[in-house]
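Chemist: Just passing along the structure, written as structure tokens.
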Amino acid sequence: MCGIVAIFEIREPSPVLREQALKMAGRVRHRGPDWSGIYAGESAIIAHERLSIVDVEHGAQPLVDRDTGAVLGVNGEIYNHIALRKQLKRRHAWQTKSDCEVILYLYDEYGPEFLNLLNGIFAFVLYDKRKNDYFIARDHIGICPLYIGWSANGSVYAASEMKALPDVCERVEEFPPGHYYRGSEKKFVRWYRPRWQETVPEKTVSLKKLRDELMKAVRRQLMSDVPYGVLISGGLDSSLIAAIAARYRKRRIESAGREEAWWPRLHSFSVGLKESPDLKYARKVARAIGTVHHETIFTVQDGLDALENVIYHLETFDVTTVRAATPMYLMARKIKSMGIKMVLSGEGADEVFGGYLYFHMAPSAQEFHEETVRKLAALSKYDCLRANKATAAWGLETRVPFLDKEFLDYAMSIDPQDKMCPGAAIEKGVLRKAFEGFLPEEILWRQKEQFSDGVGYSWIDELKKHVEAAVTDEMMERAGETFPQQTPASKEGYYYRRIFDRHFPNPTAALTVPVGPSIACSTPTAFRWSEEFAKMNDPSGRAVKGVHKSAVQSV
């Protein structure tokens, strides 16, 4: 990951704003501690904080097109950049082997339509010097964070994280995933429009095709010139990604496997309270796939002490996200201390395959599919936000192969009837069947355990006790007066909101955080699936009684 800051439609003297941009970039430097760069022109300023993953020696940004003068700042990875170079129609003055430079020349040749050619994760800003215009875009799901803001004098700002913007912007918004914004048009344009977002698919699943597509996605995302690792919670999703990565670890992806890998030993990482279920299962996975395994064991007090920093880095007060991000934040610091700069993780599988326990209650295939679409559309505010920012806080990049654009094209085109898990059937059964033989049976068929639960049930239980003591009933009765917008519905949400507002007092900042009832990470829409849901508001998977089985009992 990297950090970007941009100022367009400049209304003040450029030297003054240059100093301001440097200060703003300093607030996202944790995302890119390896190098800083800035372009400061009369009409645009772009600052970049780099985490060097590909072409470490030459990939510094902002990048400038020597022919057109266009300026580019990117946070992301373009996995198909080598193939895209071959699709260009003209000769260009290449300056690096960076995966991001191709964006400059694709924009020059294809205009906004080139976004559909990209397979990757990205948030970028581009200044078109010839037209005195600018172009801002974000990847298909919102894996890379991006925010946009408007100042009182009409200047437009963009930044990787919101913390760079509130001091200078009257209004701040999350930049919508799968969209672009062109200065000359003054509007967001949706560029990512897959068919599965609009229709219920009917394609019968091919287990071989499903397996092949995920393996290709993982292989693509091993693109790296620096040491990388894998996260293992001991659940199905992260374990599958780790098992596939282990099969490719000995050959270099950038040379199509012709050369030995620069870092042939694969290191894996897990986190939990002492004797947590995730730690025990993760050890079994690591032994089975042959990784060098490392554990981060934290205490409840470690987690409580970190909450202030976690909320500052996450830029959210969503209860589930904060719960799960805190152990991840602690683990990321240990990972970075070992010299690892990139990790692969299992986020996204539950949204694609209906893996959350409340999906057992789905009344029809259509409802099941529509809920997966809703969940994917919201990922930028939840799991993608958590996975990216909790690790980027320490200059560590997280990649999520289950959300690979090409893999999604197939996995979301499957008839949802093939994904359903009625009654006692286990969730994500089709994914488990596709990868039989890749993992020990007890891992392959382990029930879904939400990350914030799996690190140790006492983490959430003690967290609830902590906030119960800090937030009184009287405070909750006046919550609507204290927080008239995005009013928290629980004491835990209230506690996090107070921390959030200390760091982000701009009244529009809170509007970037969704609020609403949830059962085991459901959307509010899914509450109509069960009469029991209407009486509850608990994001923990343990809330789905009769479906959830205690991991402590099954270890």
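By order in the structure tokens, chains are A, B, ...; within a chain, residues start at 1; ligands start at 1, following the order shown.
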Where does segment 288-325 of chain A meet segment 485-494 of chain A within 9 Å, residue by residue, with the nearest atom pair and distance in Å to one decimal for each, counting only C-alpha atoms, listed by chain and rising number, as CSV?

Modeler:
```
residue,atom,partner,partner_atom,distance
A:Phe317,CA,A:Gly493,CA,6.4
A:Asp318,CA,A:Gly493,CA,6.7
A:Val319,CA,A:Gly493,CA,5.7
```

Chemist: Write out as a PyMOL selection string which residues come within 10 Å of segment 152-165 of chain A when counting only C-alpha atoms, dropping same-chain ones fewer than 5 positions away.

Modeler: chain A and resi 1-12+21+23-28+31+44-48+74-75+123-125+136+144-147+170-175+183+312-315+389+503-504+506+509+512

Chemist: One decimal, Å: what's the distance from atom CA of Asp473 of chain A over to atom CA of Ala325 of chain A, could you say?

Modeler: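 Computed distance, atom CA of Asp473 of chain A to atom CA of Ala325 of chain A, equals 26.7 Å.
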
Chemist: With DSSP run on the backbone, what are the strand (DSSP E or B) residues within segment 65-116 of chain A? I'd like them as a list in words.

Modeler: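 Restricting segment 65-116 of chain A to strand (DSSP E or B) produces Val71, Leu72, Gly73, Val74, Asn75, Gly76, Glu77 and Ile78 of chain A.
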
Chemist: Since we have the selection now, will you write its residues out, keeping C-alpha atoms, as a CSV table (one decimal), in the first residue's frame?

Modeler:
```csv
chain,number,residue,atom,x,y,z
A,71,VAL,CA,1.1,13.2,-13.6
A,72,LEU,CA,0.0,10.1,-11.7
A,73,GLY,CA,-0.1,9.1,-8.0
A,74,VAL,CA,-1.3,5.5,-7.2
A,75,ASN,CA,-2.0,3.4,-4.2
A,76,GLY,CA,-2.4,-0.1,-5.4
A,77,GLU,CA,-1.1,-3.1,-7.4
A,78,ILE,CA,-1.9,-3.8,-11.0
```

Chemist: May I ask which of the residues A:Ser268, A:Gly429, A:Leu304, A:His294 is the closest one to Val343 of chain A, counting only C-alpha atoms?

Modeler: A:Ser268

Chemist: From the options A:Gln221, A:Pro363, A:Val455, A:Asp501, which residue's atoms come nearest to Glu295 of chain A, counting only C-alpha atoms?

Modeler: A:Val455

Chemist: What's the 10 Å shell around Val310 of chain A, counting only C-alpha atoms, without same-chain residues fewer than 3 positions away, as a compact mmCIF listing (two decimals) with C-alpha atoms, in the first residue's frame?

Modeler:
```txt
# COMPACT_ATOMS: atom_id res chain seq x y z
CA GLY A 303 -6.44 -4.80 22.98
CA LEU A 304 -8.07 -2.22 25.22
CA ASP A 305 -4.90 -0.15 25.27
CA ALA A 306 -4.81 -0.14 21.46
CA LEU A 307 -8.42 0.95 20.86
CA HIS A 313 -6.25 4.40 11.84
CA LEU A 314 -9.50 2.68 10.83
CA GLU A 315 -11.52 5.90 10.67
CA THR A 316 -14.69 4.11 11.74
CA PHE A 317 -16.75 3.44 14.84
CA VAL A 322 -13.21 -2.31 15.56
CA ARG A 323 -13.54 -5.66 17.36
CA ALA A 325 -9.30 -4.93 13.61
CA THR A 326 -7.73 -4.65 17.05
CA PRO A 327 -6.03 -8.09 17.08
CA MET A 328 -5.11 -7.59 13.40
CA TYR A 329 -3.51 -4.24 14.21
CA LEU A 330 -1.42 -5.82 16.97
CA ARG A 386 -10.28 -3.28 8.27
CA LYS A 389 -6.03 0.10 7.34
CA ALA A 390 -5.25 -2.17 10.30
CA ALA A 393 -0.95 1.47 10.01
CA ILE A 499 -13.07 8.24 20.31
CA PHE A 500 -13.84 8.77 16.62
```

Chemist: From segment 302-502 of chain A, collect each residue whose DSSP state is alpha helix (DSSP H) and return the set as an NGL selection string.

Modeler: :A and (302-314 or 319-337 or 349-353 or 365-378 or 383-392 or 405-411 or 429-434 or 441-444 or 451-454 or 457-470 or 473-477 or 479-482 or 491-502)

Chemist: Restrict the selected residues to C-alpha atoms and save them as a compact mmCIF listing (two decimals), in the first residue's frame.

Modeler:
```txt
# COMPACT_ATOMS: atom_id res chain seq x y z
CA ASP A 302 -3.31 -5.12 25.08
CA GLY A 303 -6.44 -4.80 22.98
CA LEU A 304 -8.07 -2.22 25.22
CA ASP A 305 -4.90 -0.15 25.27
CA ALA A 306 -4.81 -0.14 21.46
CA LEU A 307 -8.42 0.95 20.86
CA GLU A 308 -7.65 4.66 20.57
CA ASN A 309 -5.01 4.09 17.89
CA VAL A 310 -7.08 1.45 16.13
CA ILE A 311 -10.05 3.79 15.69
CA TYR A 312 -7.76 6.61 14.54
CA HIS A 313 -6.25 4.40 11.84
CA LEU A 314 -9.50 2.68 10.83
CA VAL A 319 -18.54 -2.22 16.25
CA THR A 320 -17.71 -5.37 14.29
CA THR A 321 -14.88 -3.66 12.43
CA VAL A 322 -13.21 -2.31 15.56
CA ARG A 323 -13.54 -5.66 17.36
CA ALA A 324 -11.86 -7.57 14.56
CA ALA A 325 -9.30 -4.93 13.61
CA THR A 326 -7.73 -4.65 17.05
CA PRO A 327 -6.03 -8.09 17.08
CA MET A 328 -5.11 -7.59 13.40
CA TYR A 329 -3.51 -4.24 14.21
CA LEU A 330 -1.42 -5.82 16.97
CA MET A 331 -0.36 -8.70 14.72
CA ALA A 332 0.60 -6.38 11.85
CA ARG A 333 3.21 -4.65 13.98
CA LYS A 334 4.90 -7.99 14.72
CA ILE A 335 4.79 -8.99 11.05
CA LYS A 336 6.40 -5.75 9.89
CA SER A 337 9.12 -6.10 12.53
CA ALA A 349 -15.10 -15.36 0.71
CA ASP A 350 -18.04 -14.98 3.09
CA GLU A 351 -19.55 -12.27 0.93
CA VAL A 352 -19.07 -14.22 -2.32
CA PHE A 353 -20.27 -17.61 -1.03
CA ALA A 365 -31.83 -18.46 -3.96
CA GLN A 366 -32.72 -14.98 -5.17
CA GLU A 367 -32.64 -13.56 -1.64
CA PHE A 368 -29.34 -15.36 -1.03
CA HIS A 369 -27.75 -13.86 -4.15
CA GLU A 370 -29.07 -10.36 -3.58
CA GLU A 371 -27.65 -10.38 -0.06
CA THR A 372 -24.21 -11.41 -1.35
CA VAL A 373 -24.38 -8.49 -3.79
CA ARG A 374 -25.32 -6.11 -0.97
CA LYS A 375 -22.48 -7.45 1.17
CA LEU A 376 -19.91 -7.02 -1.59
CA ALA A 377 -21.10 -3.46 -2.22
CA ALA A 378 -20.51 -2.61 1.44
CA ASP A 383 -13.77 -5.91 5.92
CA CYS A 384 -11.79 -4.21 3.16
CA LEU A 385 -11.41 -1.13 5.34
CA ARG A 386 -10.28 -3.28 8.27
CA ALA A 387 -7.86 -5.47 6.35
CA ASN A 388 -6.27 -2.51 4.60
CA LYS A 389 -6.03 0.10 7.34
CA ALA A 390 -5.25 -2.17 10.30
CA THR A 391 -2.13 -3.39 8.49
CA ALA A 392 -1.27 -0.18 6.59
CA LYS A 405 -11.79 -9.17 -10.36
CA GLU A 406 -11.52 -12.21 -12.64
CA PHE A 407 -12.29 -14.63 -9.82
CA LEU A 408 -15.40 -12.61 -8.94
CA ASP A 409 -16.54 -12.78 -12.56
CA TYR A 410 -16.82 -16.55 -12.24
CA ALA A 411 -17.71 -17.05 -8.56
CA GLY A 429 -20.00 -26.15 0.87
CA VAL A 430 -19.27 -25.63 -2.82
CA LEU A 431 -15.94 -23.97 -2.02
CA ARG A 432 -14.99 -26.74 0.40
CA LYS A 433 -15.78 -29.44 -2.16
CA ALA A 434 -13.73 -27.66 -4.84
CA GLU A 441 -10.48 -32.41 6.77
CA GLU A 442 -11.01 -30.78 10.17
CA ILE A 443 -9.94 -27.45 8.67
CA LEU A 444 -11.68 -27.85 5.33
CA PHE A 451 -12.40 -13.33 13.31
CA SER A 452 -13.33 -11.27 16.38
CA ASP A 453 -14.78 -14.45 17.95
CA GLY A 454 -12.06 -16.88 16.84
CA TYR A 457 -14.37 -15.35 22.97
CA SER A 458 -13.21 -13.50 26.08
CA TRP A 459 -11.91 -10.66 23.87
CA ILE A 460 -15.44 -9.57 22.99
CA ASP A 461 -16.89 -10.51 26.37
CA GLU A 462 -14.34 -8.39 28.25
CA LEU A 463 -14.65 -5.58 25.72
CA LYS A 464 -18.39 -5.43 26.41
CA LYS A 465 -17.73 -5.25 30.16
CA HIS A 466 -15.22 -2.45 29.64
CA VAL A 467 -17.60 -0.24 27.66
CA GLU A 468 -20.52 -1.09 29.95
CA ALA A 469 -18.59 0.50 32.79
CA ALA A 470 -17.62 3.54 30.71
CA ASP A 473 -27.63 4.24 30.76
CA GLU A 474 -28.23 7.98 31.00
CA MET A 475 -25.63 8.62 28.30
CA MET A 476 -27.38 6.13 26.02
CA GLU A 477 -30.76 7.78 26.64
CA ALA A 479 -27.32 9.44 22.51
CA GLY A 480 -29.60 11.03 19.92
CA GLU A 481 -28.86 14.49 21.34
CA THR A 482 -25.13 13.87 21.68
CA LYS A 491 -22.95 1.25 24.45
CA GLU A 492 -20.06 -0.25 22.54
CA GLY A 493 -20.90 1.85 19.50
CA TYR A 494 -21.24 4.93 21.72
CA TYR A 495 -17.81 4.31 23.24
CA TYR A 496 -16.15 4.02 19.83
CA ARG A 497 -18.01 7.06 18.50
CA ARG A 498 -16.61 9.25 21.28
CA ILE A 499 -13.07 8.24 20.31
CA PHE A 500 -13.84 8.77 16.62
CA ASP A 501 -15.17 12.29 17.18
CA ARG A 502 -12.06 13.28 19.11
```

Chemist: Could you list, as an MDAnalysis selection string, every residue within 9 Å of segment 52-57 of chain A, counting only C-alpha atoms and ignoring same-chain residues fewer than 5 positions away?

Modeler: chainID A and resid 1:2 32:35 77 96:99 223:227 341:342 397

Chemist: With N, CA and C atoms retained, write the just-selected residues as a CSV table (one decimal), in the first residue's frame.

Modeler:
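Saved as result16.csv:
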```
chain,number,residue,atom,x,y,z
A,1,MET,N,0.8,-1.2,0.0
A,1,MET,CA,0.0,0.0,0.0
A,1,MET,C,0.9,1.2,0.0
A,2,CYS,N,0.3,2.3,-0.5
A,2,CYS,CA,0.9,3.6,-0.4
A,2,CYS,C,-0.1,4.6,0.1
A,32,GLY,N,3.1,4.5,3.6
A,32,GLY,CA,4.2,4.4,2.7
A,32,GLY,C,5.5,5.0,3.3
A,33,PRO,N,6.1,4.2,4.1
A,33,PRO,CA,7.3,4.8,4.9
A,33,PRO,C,8.6,4.7,4.1
A,34,ASP,N,8.6,4.2,2.8
A,34,ASP,CA,9.8,4.0,2.1
A,34,ASP,C,10.3,5.2,1.3
A,35,TRP,N,9.4,6.1,0.9
A,35,TRP,CA,9.9,7.3,0.1
A,35,TRP,C,8.7,8.3,0.0
A,77,GLU,N,-1.9,-2.1,-6.6
A,77,GLU,CA,-1.1,-3.1,-7.4
A,77,GLU,C,-1.9,-3.5,-8.6
A,96,THR,N,10.1,2.9,-15.7
A,96,THR,CA,10.3,2.0,-14.6
A,96,THR,C,9.7,0.6,-15.0
A,97,LYS,N,9.9,-0.4,-14.1
A,97,LYS,CA,9.2,-1.7,-14.2
A,97,LYS,C,8.1,-1.8,-13.2
A,98,SER,N,7.7,-0.6,-12.7
A,98,SER,CA,6.5,-0.6,-11.8
A,98,SER,C,5.3,-1.1,-12.5
A,99,ASP,N,4.4,-1.7,-11.7
A,99,ASP,CA,3.1,-2.2,-12.2
A,99,ASP,C,2.2,-1.0,-12.4
A,223,MET,N,2.7,-11.5,-6.9
A,223,MET,CA,3.6,-10.5,-7.5
A,223,MET,C,4.3,-9.6,-6.4
A,224,SER,N,5.6,-9.8,-6.3
A,224,SER,CA,6.3,-9.0,-5.2
A,224,SER,C,7.8,-9.1,-5.4
A,225,ASP,N,8.5,-8.0,-5.2
A,225,ASP,CA,9.9,-8.0,-5.2
A,225,ASP,C,10.5,-7.9,-3.7
A,226,VAL,N,9.6,-8.1,-2.8
A,226,VAL,CA,10.0,-8.0,-1.4
A,226,VAL,C,9.4,-9.2,-0.6
A,227,PRO,N,9.9,-9.5,0.6
A,227,PRO,CA,9.4,-10.7,1.3
A,227,PRO,C,7.9,-10.5,1.6
A,341,LYS,N,6.6,-7.3,4.1
A,341,LYS,CA,5.9,-6.0,3.6
A,341,LYS,C,4.6,-6.3,3.0
A,342,MET,N,4.3,-7.6,2.7
A,342,MET,CA,3.0,-7.9,2.1
A,342,MET,C,2.5,-9.2,2.6
A,397,GLU,N,1.2,-4.3,3.6
A,397,GLU,CA,0.1,-4.4,2.6
A,397,GLU,C,-0.6,-5.7,2.7
```
